[in-house]
Amino acid sequence: MSHSSPDPGRQSGSPYDGLLEHHEVAGDDSQWAFGTDFEDPLAGVDTTVPDDVDPTDLATYCLMLGDDALVMSHRLSEWCSNAPDLEEDIALANIALDLLGQARLLLARAAAADPAVVPSLPEGSPVPAEDALAFFRDADRFLNVRLAEVPNGDFAHVVVRVLLFATARLAVLARLVESRDPVLAAIAAKGVKELTYHRDYAGRWFLTLARGTEESRRRLLVALGDLWPLHPELCGTHPVEAAMAAVGAGVDPAAVADEVDVVLEQVFAVSGVTRPERPALAGVGGRAGRDGLHTEALSRMLAEMQVVARAHPSGQW
Amino acid sequence: MLTLADLGVLRDVREEHGTVVVTITPTYSGCPAMAAMRDDLVHRLADAGYDARVEVVLSPAWSSDWITEDGRRALRAHGLSAPGPAPRRAGPVALDLSPTRRALSCPRCGSAQVALTSEYGATACKALYRCTACLEPFEHVKEI
């Protein structure tokens, strides 16, 4: 990057400008709780909702895809400094960062489509909409699939989780590039490039562990068995997904189920693994992750993720 | 010097009622350098006497193919290996379970005897390599 060293003769030029400017403007020593500066990841992007697309459905749909990415990103970032070696640590952190970027864009797009989805904060709070959505919603308002939220296990567990997640998400986003919402289409086009190497990464490790030692294979099969009941939810259809697909703005996950199946079968076949025979994890009264019904693991995860922001809703500490 | 234009990140510059509007695009969705690039643009233009606003454009998605020849030379001059052609995709994305192979040369000594250390590096856009001739590690900007 073309980042020259700061010129001491200039007022601006240091990465701490944001903090200093705030100090000058606010005239006190309190600090931002949300980083050095705010930015809208969609600054300048035309966020007009296309005709015939219901803004609330669009916002809800963006929250579903955005929450999948946000929650999965958080679980992957928990691997930081815990992976078996430095290369895998960095790989998982990279995947987490890509998903966090997708989440930011999708949450910002949700807020722009229908501001009513954004939790209200104290008057004068500088918290931007994407952060309000990430940090000030309770678990029952998160719309992610439950595969993204379950606690981490061993390395085989994260390999299986990324494989199942990236395979389904890639299939959905690859079709979403045709969305009638140009913002969603653009976010999908970037995401496809990223999910392609997330899926390859997980697929290669799946094969390596399956064909590795007796112990690596044993662990892989345990992880696959544990996570398999969460897989069907990825290819289920929520009414909002169906409505968005009907107007050409979204993708019905059920429509890509066969495609997902073919890819997974390919990985299983080269790995000498048979598809687990385990029933889907039931919801409650037909409700599951997309309806805001989650495992208790999500509440615990959010408690940690949101604690600082919630303690300082006006953005200063 | 490696400029934002050489990286293909700078997409447009125009003037609107006395304000310079600069359009940039993120390399990867989560590129954390977007804020730094925006601040640099605003500050540099302010130093030159321009009132500036920076806007984001997401489509078409950035490709490493947009890095100019000057940009590639600048990358190599800074010890980074420049990307080859980005993969062309049509239809469903094929699964690739084989190890990544690239024909690269060491930006330091020019040897083609290089080994991939990690497909992921310190930033989303780079892979880690080492040269088995001069033994120095180096970063490769990935094809996307």
# chains A, B, ... in the order shown; residues from 1 in each chain; ligands from 1
$ interface_residues --of "chain A" --to "chain B" --cutoff "6 Å" --atoms "only C-alpha atoms" --output "list in words"
Ser2, Ala43, Gly44, Glu87, Ala91, Asn94, Leu97, Asp98, Gly101, Gln102, Ala186, Lys190, Asp200 and Arg204 of chain A
$ write_last_selection --atoms "C-alpha atoms" --output "compact mmCIF listing (two decimals), in the first residue's frame"
# COMPACT_ATOMS: atom_id res chain seq x y z
CA SER A 2 1.13 3.55 -0.59
CA ALA A 43 -20.82 5.26 1.49
CA GLY A 44 -21.86 6.58 -1.90
CA GLU A 87 -0.37 -21.23 9.17
CA ALA A 91 -5.90 -19.13 7.54
CA ASN A 94 -8.34 -14.69 7.16
CA LEU A 97 -12.06 -11.46 8.26
CA ASP A 98 -13.63 -12.15 4.86
CA GLY A 101 -16.45 -7.93 5.74
CA GLN A 102 -19.44 -9.64 4.14
CA ALA A 186 -22.42 -6.78 -5.81
CA LYS A 190 -17.27 -10.33 -3.99
CA ASP A 200 -11.25 -25.39 -1.12
CA ARG A 204 -8.40 -30.11 1.34
$ residues_around --residues "A:Phe136" --least-positions-apart "4" --cutoff "9 Å" --atoms "only C-alpha atoms" --output "PyMOL selection string"
chain A and resi 118-121+131-132+306+309-310+313
$ write_last_selection --atoms "N, CA and C atoms" --output "compact mmCIF listing (two decimals), in the first residue's frame"
# COMPACT_ATOMS: atom_id res chain seq x y z
N VAL A 118 -33.21 -1.64 12.72
CA VAL A 118 -32.07 -1.25 13.56
C VAL A 118 -32.56 -0.92 14.98
N PRO A 119 -31.97 -1.54 16.00
CA PRO A 119 -32.40 -1.25 17.37
C PRO A 119 -32.19 0.23 17.70
N SER A 120 -33.08 0.78 18.51
CA SER A 120 -32.91 2.19 18.84
C SER A 120 -31.92 2.33 19.99
N LEU A 121 -31.16 3.40 19.92
CA LEU A 121 -30.12 3.66 20.91
C LEU A 121 -30.39 5.03 21.54
N ASP A 131 -23.23 -1.45 13.47
CA ASP A 131 -22.81 -1.81 14.83
C ASP A 131 -24.02 -1.96 15.74
N ALA A 132 -25.04 -1.12 15.56
CA ALA A 132 -26.26 -1.26 16.36
C ALA A 132 -26.86 -2.65 16.13
N GLN A 306 -20.87 -8.66 22.81
CA GLN A 306 -21.60 -7.39 22.89
C GLN A 306 -21.34 -6.60 24.17
N ALA A 309 -19.86 -2.88 24.01
CA ALA A 309 -20.74 -1.94 23.32
C ALA A 309 -21.98 -1.64 24.17
N ARG A 310 -22.52 -2.68 24.79
CA ARG A 310 -23.76 -2.47 25.58
C ARG A 310 -23.51 -1.66 26.83
N PRO A 313 -23.44 2.56 25.40
CA PRO A 313 -24.27 2.76 24.21
C PRO A 313 -24.13 4.14 23.57
$ residues_around --residues "A:Val284" --least-positions-apart "6" --cutoff "12 Å" --atoms "only C-alpha atoms" --output "compact mmCIF listing (two decimals) with N, CA and C atoms, in the first residue's frame"
# COMPACT_ATOMS: atom_id res chain seq x y z
N ASP A 291 -35.72 -18.16 12.27
CA ASP A 291 -36.84 -17.54 12.99
C ASP A 291 -36.39 -16.91 14.30
N GLY A 292 -35.10 -16.95 14.57
CA GLY A 292 -34.60 -16.39 15.83
C GLY A 292 -34.58 -17.41 16.96
N LEU A 293 -34.80 -18.67 16.63
CA LEU A 293 -34.75 -19.71 17.66
C LEU A 293 -33.37 -20.38 17.62
N HIS A 294 -32.64 -20.24 18.70
CA HIS A 294 -31.24 -20.66 18.69
C HIS A 294 -30.92 -21.62 19.83
N THR A 295 -29.73 -22.21 19.76
CA THR A 295 -29.22 -22.98 20.88
C THR A 295 -28.74 -21.97 21.93
$ residues_around --residues "A:Val251" --least-positions-apart "5" --cutoff "12 Å" --atoms "only C-alpha atoms" --output "number ranges by chain"
A: 58, 61-62, 64-65, 168-181, 184-185, 188, 235-246, 256-257
$ write_last_selection --atoms "C-alpha atoms" --output "JSON list (two decimals), in the first residue's frame"
[["chain", "number", "residue", "atom", "x", "y", "z"],
["A", 58, "LEU", "CA", -35.06, -7.35, 1.82],
["A", 61, "TYR", "CA", -33.07, -11.41, 4.09],
["A", 62, "CYS", "CA", -29.86, -9.36, 4.41],
["A", 64, "MET", "CA", -30.13, -13.74, 7.56],
["A", 65, "LEU", "CA", -27.08, -13.75, 5.28],
["A", 168, "ALA", "CA", -23.93, -23.93, 1.03],
["A", 169, "ARG", "CA", -23.12, -20.20, 1.14],
["A", 170, "LEU", "CA", -21.12, -20.34, -2.08],
["A", 171, "ALA", "CA", -24.01, -22.07, -3.87],
["A", 172, "VAL", "CA", -26.45, -19.39, -2.67],
["A", 173, "LEU", "CA", -24.19, -16.40, -3.40],
["A", 174, "ALA", "CA", -23.26, -17.76, -6.84],
["A", 175, "ARG", "CA", -26.93, -17.35, -7.79],
["A", 176, "LEU", "CA", -27.42, -14.17, -5.81],
["A", 177, "VAL", "CA", -25.07, -12.35, -8.21],
["A", 178, "GLU", "CA", -28.19, -12.14, -10.44],
["A", 179, "SER", "CA", -30.26, -10.46, -7.70],
["A", 180, "ARG", "CA", -32.50, -7.61, -8.79],
["A", 181, "ASP", "CA", -31.06, -5.68, -5.86],
["A", 184, "LEU", "CA", -26.93, -7.53, -2.88],
["A", 185, "ALA", "CA", -25.68, -8.69, -6.29],
["A", 188, "ALA", "CA", -22.52, -11.64, -3.59],
["A", 235, "CYS", "CA", -30.87, -25.81, 2.64],
["A", 236, "GLY", "CA", -34.27, -25.17, 4.21],
["A", 237, "THR", "CA", -36.60, -22.44, 3.01],
["A", 238, "HIS", "CA", -37.86, -19.64, 5.24],
["A", 239, "PRO", "CA", -40.93, -17.71, 3.98],
["A", 240, "VAL", "CA", -38.82, -14.56, 3.59],
["A", 241, "GLU", "CA", -36.29, -16.45, 1.47],
["A", 242, "ALA", "CA", -39.15, -17.80, -0.65],
["A", 243, "ALA", "CA", -40.64, -14.32, -1.03],
["A", 244, "MET", "CA", -37.29, -12.81, -2.01],
["A", 245, "ALA", "CA", -36.64, -15.60, -4.49],
["A", 246, "ALA", "CA", -40.11, -15.09, -5.99],
["A", 256, "VAL", "CA", -29.32, -25.18, -4.49],
["A", 257, "ALA", "CA", -29.61, -28.25, -2.23]]
$ residues_around --residues "B:Ala112" --least-positions-apart "2" --cutoff "9 Å" --atoms "only C-alpha atoms" --output "ChimeraX atom specification"
/B:103-106,110,114,131-133
$ atom_distance --atom1 "atom CA of B:Pro83" --atom2 "atom CA of B:His140"
6.8 Å
$ closest_residue --among "B:Gly49, B:Gly79, B:Gly18, B:Pro85" --to "B:Glu136" --atoms "only C-alpha atoms"
B:Gly79
$ residues_around --residues "B:Trp66" --least-positions-apart "6" --cutoff "10 Å" --atoms "only C-alpha atoms" --output "list in words"
Ala5, Asp6, Leu7, Gly8, Val9, Pro85 and Ala86 of chain B
$ write_last_selection --atoms "C-alpha atoms" --output "PDB file, in the first residue's frame"
ATOM      1  CA  ALA B   5      -4.572   3.741  -9.193  1.00  0.00           C
ATOM      2  CA  ASP B   6      -1.849   1.150  -9.882  1.00  0.00           C
ATOM      3  CA  LEU B   7      -3.570  -1.248  -7.501  1.00  0.00           C
ATOM      4  CA  GLY B   8      -6.851  -0.837  -9.339  1.00  0.00           C
ATOM      5  CA  VAL B   9      -8.488   0.352  -6.128  1.00  0.00           C
ATOM      6  CA  PRO B  85      -3.825 -13.966 -14.278  1.00  0.00           C
ATOM      7  CA  ALA B  86      -6.948 -14.261 -12.115  1.00  0.00           C
TER       8      ALA B  86
END
$ closest_residue --among "B:Ala90, B:Ile67, B:Leu45, B:Ala52" --to "B:Arg11" --atoms "only C-alpha atoms"
B:Ile67
$ residues_around --residues "B:Leu135" --least-positions-apart "5" --cutoff "12 Å" --atoms "only C-alpha atoms" --output "PyMOL selection string"
chain B and resi 106-111+113-115+129-130
$ select_by_dssp --residues "chain B" --states "strand (DSSP E or B)" --output "NGL selection string"
:B and (10-16 or 19-24 or 51-56 or 80-81 or 114-118 or 126-131 or 137-141)
$ write_last_selection --atoms "N, CA and C atoms" --output "mmCIF file, in the first residue's frame"
data_model
loop_
_atom_site.group_PDB
_atom_site.id
_atom_site.type_symbol
_atom_site.label_atom_id
_atom_site.label_comp_id
_atom_site.auth_asym_id
_atom_site.auth_seq_id
_atom_site.Cartn_x
_atom_site.Cartn_y
_atom_site.Cartn_z
ATOM 1 N N LEU B 10 -8.489 2.598 -7.053
ATOM 2 C CA LEU B 10 -9.067 3.897 -7.423
ATOM 3 C C LEU B 10 -9.883 3.711 -8.701
ATOM 4 N N ARG B 11 -11.196 3.940 -8.623
ATOM 5 C CA ARG B 11 -12.064 3.657 -9.771
ATOM 6 C C ARG B 11 -12.466 4.907 -10.537
ATOM 7 N N ASP B 12 -12.551 6.046 -9.848
ATOM 8 C CA ASP B 12 -13.045 7.244 -10.531
ATOM 9 C C ASP B 12 -12.705 8.481 -9.712
ATOM 10 N N VAL B 13 -12.461 9.583 -10.405
ATOM 11 C CA VAL B 13 -12.295 10.886 -9.746
ATOM 12 C C VAL B 13 -13.094 11.891 -10.560
ATOM 13 N N ARG B 14 -13.977 12.635 -9.904
ATOM 14 C CA ARG B 14 -14.737 13.641 -10.630
ATOM 15 C C ARG B 14 -14.950 14.846 -9.719
ATOM 16 N N GLU B 15 -15.390 15.951 -10.327
ATOM 17 C CA GLU B 15 -15.628 17.154 -9.538
ATOM 18 C C GLU B 15 -17.117 17.457 -9.540
ATOM 19 N N GLU B 16 -17.662 17.709 -8.349
ATOM 20 C CA GLU B 16 -19.084 18.023 -8.220
ATOM 21 C C GLU B 16 -19.213 19.283 -7.390
ATOM 22 N N THR B 19 -16.396 20.114 -5.163
ATOM 23 C CA THR B 19 -15.894 19.026 -4.320
ATOM 24 C C THR B 19 -15.328 17.922 -5.211
ATOM 25 N N VAL B 20 -14.169 17.415 -4.829
ATOM 26 C CA VAL B 20 -13.604 16.294 -5.567
ATOM 27 C C VAL B 20 -14.209 15.005 -4.999
ATOM 28 N N VAL B 21 -14.863 14.226 -5.849
ATOM 29 C CA VAL B 21 -15.446 12.958 -5.406
ATOM 30 C C VAL B 21 -14.572 11.819 -5.933
ATOM 31 N N VAL B 22 -13.981 11.082 -4.993
ATOM 32 C CA VAL B 22 -13.076 9.991 -5.349
ATOM 33 C C VAL B 22 -13.796 8.670 -5.079
ATOM 34 N N THR B 23 -13.775 7.769 -6.043
ATOM 35 C CA THR B 23 -14.427 6.477 -5.851
ATOM 36 C C THR B 23 -13.378 5.384 -5.743
ATOM 37 N N ILE B 24 -13.468 4.592 -4.666
ATOM 38 C CA ILE B 24 -12.539 3.473 -4.491
ATOM 39 C C ILE B 24 -13.341 2.189 -4.290
ATOM 40 N N ASP B 51 -11.408 20.229 -1.449
ATOM 41 C CA ASP B 51 -12.401 19.660 -0.561
ATOM 42 C C ASP B 51 -12.796 18.320 -1.192
ATOM 43 N N ALA B 52 -12.639 17.214 -0.457
ATOM 44 C CA ALA B 52 -12.829 15.910 -1.100
ATOM 45 C C ALA B 52 -13.795 15.018 -0.337
ATOM 46 N N ARG B 53 -14.472 14.174 -1.098
ATOM 47 C CA ARG B 53 -15.352 13.160 -0.510
ATOM 48 C C ARG B 53 -14.986 11.826 -1.154
ATOM 49 N N VAL B 54 -14.972 10.756 -0.343
ATOM 50 C CA VAL B 54 -14.619 9.446 -0.879
ATOM 51 C C VAL B 54 -15.851 8.544 -0.863
ATOM 52 N N GLU B 55 -16.140 7.958 -1.987
ATOM 53 C CA GLU B 55 -17.268 7.042 -2.085
ATOM 54 C C GLU B 55 -16.769 5.637 -2.418
ATOM 55 N N VAL B 56 -17.632 4.670 -2.109
ATOM 56 C CA VAL B 56 -17.288 3.261 -2.328
ATOM 57 C C VAL B 56 -18.084 2.730 -3.503
ATOM 58 N N LEU B 80 7.704 -7.960 -3.115
ATOM 59 C CA LEU B 80 6.502 -8.781 -3.208
ATOM 60 C C LEU B 80 6.389 -9.389 -4.598
ATOM 61 N N SER B 81 5.869 -10.600 -4.650
ATOM 62 C CA SER B 81 5.652 -11.268 -5.924
ATOM 63 C C SER B 81 4.278 -10.869 -6.461
ATOM 64 N N VAL B 114 10.936 -21.999 -5.639
ATOM 65 C CA VAL B 114 10.225 -21.418 -4.501
ATOM 66 C C VAL B 114 9.220 -22.439 -3.960
ATOM 67 N N ALA B 115 8.879 -22.298 -2.681
ATOM 68 C CA ALA B 115 7.933 -23.233 -2.064
ATOM 69 C C ALA B 115 6.858 -22.452 -1.320
ATOM 70 N N LEU B 116 5.624 -22.906 -1.450
ATOM 71 C CA LEU B 116 4.503 -22.273 -0.749
ATOM 72 C C LEU B 116 4.579 -22.624 0.736
ATOM 73 N N THR B 117 4.589 -21.600 1.584
ATOM 74 C CA THR B 117 4.563 -21.834 3.034
ATOM 75 C C THR B 117 3.125 -21.875 3.518
ATOM 76 N N SER B 118 2.334 -20.896 3.052
ATOM 77 C CA SER B 118 0.938 -20.831 3.468
ATOM 78 C C SER B 118 0.145 -20.055 2.434
ATOM 79 N N LYS B 126 -2.582 -11.785 0.368
ATOM 80 C CA LYS B 126 -1.253 -12.352 0.123
ATOM 81 C C LYS B 126 -1.079 -13.786 0.626
ATOM 82 N N ALA B 127 -0.276 -14.563 -0.113
ATOM 83 C CA ALA B 127 0.145 -15.899 0.312
ATOM 84 C C ALA B 127 1.619 -15.824 0.707
ATOM 85 N N LEU B 128 2.061 -16.781 1.517
ATOM 86 C CA LEU B 128 3.457 -16.775 1.978
ATOM 87 C C LEU B 128 4.272 -17.825 1.227
ATOM 88 N N TYR B 129 5.418 -17.398 0.734
ATOM 89 C CA TYR B 129 6.338 -18.306 0.041
ATOM 90 C C TYR B 129 7.720 -18.179 0.656
ATOM 91 N N ARG B 130 8.585 -19.153 0.313
ATOM 92 C CA ARG B 130 10.001 -18.943 0.602
ATOM 93 C C ARG B 130 10.795 -19.438 -0.596
ATOM 94 N N CYS B 131 11.938 -18.779 -0.783
ATOM 95 C CA CYS B 131 12.811 -19.134 -1.890
ATOM 96 C C CYS B 131 13.782 -20.198 -1.388
ATOM 97 N N PRO B 137 12.147 -15.625 2.863
ATOM 98 C CA PRO B 137 10.686 -15.699 2.685
ATOM 99 C C PRO B 137 10.207 -14.488 1.888
ATOM 100 N N PHE B 138 9.105 -14.630 1.199
ATOM 101 C CA PHE B 138 8.492 -13.477 0.527
ATOM 102 C C PHE B 138 6.995 -13.661 0.419
ATOM 103 N N GLU B 139 6.302 -12.566 0.147
ATOM 104 C CA GLU B 139 4.844 -12.602 0.028
ATOM 105 C C GLU B 139 4.438 -12.529 -1.432
ATOM 106 N N HIS B 140 3.360 -13.223 -1.757
ATOM 107 C CA HIS B 140 2.840 -13.222 -3.120
ATOM 108 C C HIS B 140 1.410 -12.673 -3.091
ATOM 109 N N VAL B 141 1.144 -11.683 -3.922
ATOM 110 C CA VAL B 141 -0.206 -11.145 -4.008
ATOM 111 C C VAL B 141 -1.055 -12.138 -4.797
#
$ select_by_dssp --residues "stretch 64-145 of chain A" --states "alpha helix (DSSP H)" --output "MDAnalysis selection string"
chainID A and resid 64:77 86:113 129:135
$ atom_distance --atom1 "atom CA of A:Asp261" --atom2 "atom CA of A:Leu224"
14.7 Å
$ closest_residue --among "A:Thr56, A:Leu147, A:Val262, A:Leu195" --to "A:Ala110" --atoms "only C-alpha atoms"
A:Thr56
$ atom_distance --atom1 "atom CA of A:Val53" --atom2 "atom CA of A:Val145"
23.6 Å
